[in-house]
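To start, the structure itself, in structure tokens.
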Amino acid sequence: MSRKKPLVILTRKLPDVIETRMCELFDTRLNLDDKPMSQAELGEAMRGADVVVPTVTDRIDATLIEQAGSQLKLIANFGTGVDHIDVGVATQRGITVTNTPGVLTEDTADMTMALILAVARHLVEGAKVIPGGQWSGWSPTWMLGSRITGKRLGIVGMGRIGQALARRARAFGLQIHYHNRRRVAPSIEEELEATYWESLDQMLARMDIVSVNCPHTPATYHLLSARRLTYLRPHAIIVNTARGEVIDEIALTRMLESGELAGAGLDVFEHEPAISPKLVKLANAGKVTLLPHMGSATTEGRIDMGEKVIINVKTFMDGHRPPDRVLPNMM
Ligand code: 8YV
């Protein structure tokens, strides 16, 4: 007996191999031109689909979920962070939410390390000099950055990505410190020679480099608030590859402008994709390195994420609990 295939709507263009497999398994509607959907288009998708596969660029809020068709049973997010989905309201409505954890850990940790190096050693500024025809030769006192070996790195959020960053940073000779909701297992602390700080304020006041690696939840919104940022010392640099909302971006910008902070490397922003002109000005002045949310952007990573989506959809449609279910109390 042939069963009707579920209608699965992808809100963005995914890697070809993923789309092809999804077309084999499900009645899949693609977004070939990759244009982000408007709220009205998303609403229409949710009224018709059995499964919606959104990304970080879609705002699946309570209004959209409440207007979803009764056949919508699964929101299978392409990505780990689910702060753009109202998981509480979805769960109340009997809609399961899944994500793609674990497969973008190493890529995001690589990018975080790259940002630390880029900011500390003026990589982006330096890379513009030769193509700009401005190099007249070596000088002993020009383009001096700061050595990272021997410095202290404070990791805010010691989950998978935080730990992967710590492993890399150890190899670069950094001393690892961290703040997390829960202290990690002694064996992990030992491996990373990591120092735990229950007080984030205390940790911030002692670090040379701070990296944000926690998810954005109601509890971490502006975790690095204007007040907390003032604990950072003027030579400190801060990098964020998690979510813009974890840092009070206006306060951070003000401190960078006034020299109360040495630099920042940001891959994520509070009002993505809108970027504050003040941050752009700081980037042009070589004070900050800004990346367009590239942390997990590898071909391998995006295929792995797509495979996780497929497994979640298929398992769910076969009547089992999908492996990467997100529950409201995880937020
Ligand atoms: C993804 C991310 O590219 O997975 C996440 O949470 O932030 C990114 O690395 C994006 O979310 C895809 O939807």
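Naming scheme: A, B, ... for chains in displayed order of the structure tokens; residues 1 onward per chain; ligands 1 onward as shown.
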
Cut-off 10 Å, only C-alpha atoms and all ligand atoms, neighbours of ligand 1 as a PyMOL selection string: chain A and resi 12+53-58+77-84+99-105+107-108+215-216+241-243+267-268+293-298+301-302+305

Given only C-alpha atoms as the counted atoms, nearest of A:Met255, A:Ile95, A:Val246, A:Ala118 to Pro218 of chain A: A:Val246

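Running DSSP on the backbone and keeping only strand (DSSP E or B), the residues of segment 245-310 of chain A that qualify are Ile247, Gly263, Ala264, Gly265, Leu266, Val288, Thr289 and Leu290 of chain A.
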
Could you take the residues named above and write them with C-alpha atoms, as a JSON list (two decimals), in the first residue's frame?
[["chain", "number", "residue", "atom", "x", "y", "z"],
["A", 247, "ILE", "CA", 26.08, 40.95, 24.14],
["A", 263, "GLY", "CA", 39.06, 45.04, 19.86],
["A", 264, "ALA", "CA", 36.30, 42.65, 18.92],
["A", 265, "GLY", "CA", 35.68, 39.88, 16.42],
["A", 266, "LEU", "CA", 32.01, 39.41, 15.65],
["A", 288, "VAL", "CA", 36.92, 45.19, 14.91],
["A", 289, "THR", "CA", 36.69, 42.25, 12.54],
["A", 290, "LEU", "CA", 33.17, 41.63, 11.30]]

For Pro15 of chain A, find every residue with an atom within 9 Å (counting only C-alpha atoms), except residues of its own chain fewer than 5 positions away, and show them as an mmCIF file with N, CA, C and O atoms, in the first residue's frame.
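Once everything was written out, this is out_17.cif:
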data_model
loop_
_atom_site.group_PDB
_atom_site.id
_atom_site.type_symbol
_atom_site.label_atom_id
_atom_site.label_comp_id
_atom_site.auth_asym_id
_atom_site.auth_seq_id
_atom_site.Cartn_x
_atom_site.Cartn_y
_atom_site.Cartn_z
ATOM 1 N N THR A 20 18.313 16.686 -3.039
ATOM 2 C CA THR A 20 17.987 15.537 -3.882
ATOM 3 C C THR A 20 17.448 14.383 -3.036
ATOM 4 O O THR A 20 16.431 13.771 -3.353
ATOM 5 N N THR A 299 31.379 23.300 3.472
ATOM 6 C CA THR A 299 30.553 22.413 2.657
ATOM 7 C C THR A 299 30.199 21.162 3.456
ATOM 8 O O THR A 299 29.041 20.733 3.489
ATOM 9 N N ARG A 302 27.606 21.906 6.257
ATOM 10 C CA ARG A 302 26.233 22.146 5.793
ATOM 11 C C ARG A 302 25.590 20.847 5.305
ATOM 12 O O ARG A 302 24.384 20.644 5.442
ATOM 13 N N ILE A 303 26.399 19.933 4.751
ATOM 14 C CA ILE A 303 25.846 18.632 4.338
ATOM 15 C C ILE A 303 25.493 17.817 5.593
ATOM 16 O O ILE A 303 24.413 17.221 5.674
ATOM 17 N N GLY A 306 22.319 19.042 6.960
ATOM 18 C CA GLY A 306 21.197 18.573 6.140
ATOM 19 C C GLY A 306 20.880 17.117 6.422
ATOM 20 O O GLY A 306 19.710 16.718 6.477
#

Test item: residues at most 7 Å from Pro322 of chain A, only C-alpha atoms, excluding those fewer than 5 positions along its chain, as JSON, numbers by chain: {"A": [312, 315, 316]}

Kindly export the residues of the current selection with C-alpha atoms, as a PDB file, in the first residue's frame.
ATOM      1  CA  ASN A 312      14.951  13.953  12.113  1.00  0.00           C
ATOM      2  CA  THR A 315      12.409   9.243  12.074  1.00  0.00           C
ATOM      3  CA  PHE A 316       9.487  11.465  12.995  1.00  0.00           C
TER       4      PHE A 316
END

Within 9 Å of Ala62 of chain A using only C-alpha atoms, minus same-chain residues under 5 positions, as JSON, numbers by chain: {"A": [67, 85, 86, 87, 88, 89, 90]}

Length of the atom CA of Ile161 of chain A to atom CA of Tyr231 of chain A vector [Å]: 24.2 Å

Residue among A:Leu200, A:Val97, A:Ala120, A:Ile155 lying closest to Cys214 of chain A, counting only C-alpha atoms: A:Ile155

Best match for closeness to Val212 of chain A among A:Leu229, A:Val156, A:Leu261, A:Ala185, counting only C-alpha atoms: A:Val156

Using only C-alpha atoms: which of A:Gln134, A:Thr91, A:Asn284, A:Ser146 has the shortest distance to Asn329 of chain A: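 Of the candidates, the smallest distance to Asn329 of chain A is held by A:Thr91.
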
Nearest to Val210 of chain A by atom-to-atom distance, counting only C-alpha atoms, from A:Leu153, A:Ala166, A:Leu32, A:Ala45: A:Leu153

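Minimum atom-to-atom distances from A:Gly244, A:Pro323, A:Gly154, A:Pro234 to Leu256 of chain A were compared using only C-alpha atoms, and the lowest value belongs to A:Pro234.
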
Residue set, segment 83-253 of chain A restricted to alpha helix (DSSP H), as an NGL selection string: :A and (87-92 or 105-120 or 123-129 or 160-171 or 186-192 or 200-204 or 226-229 or 249-253)
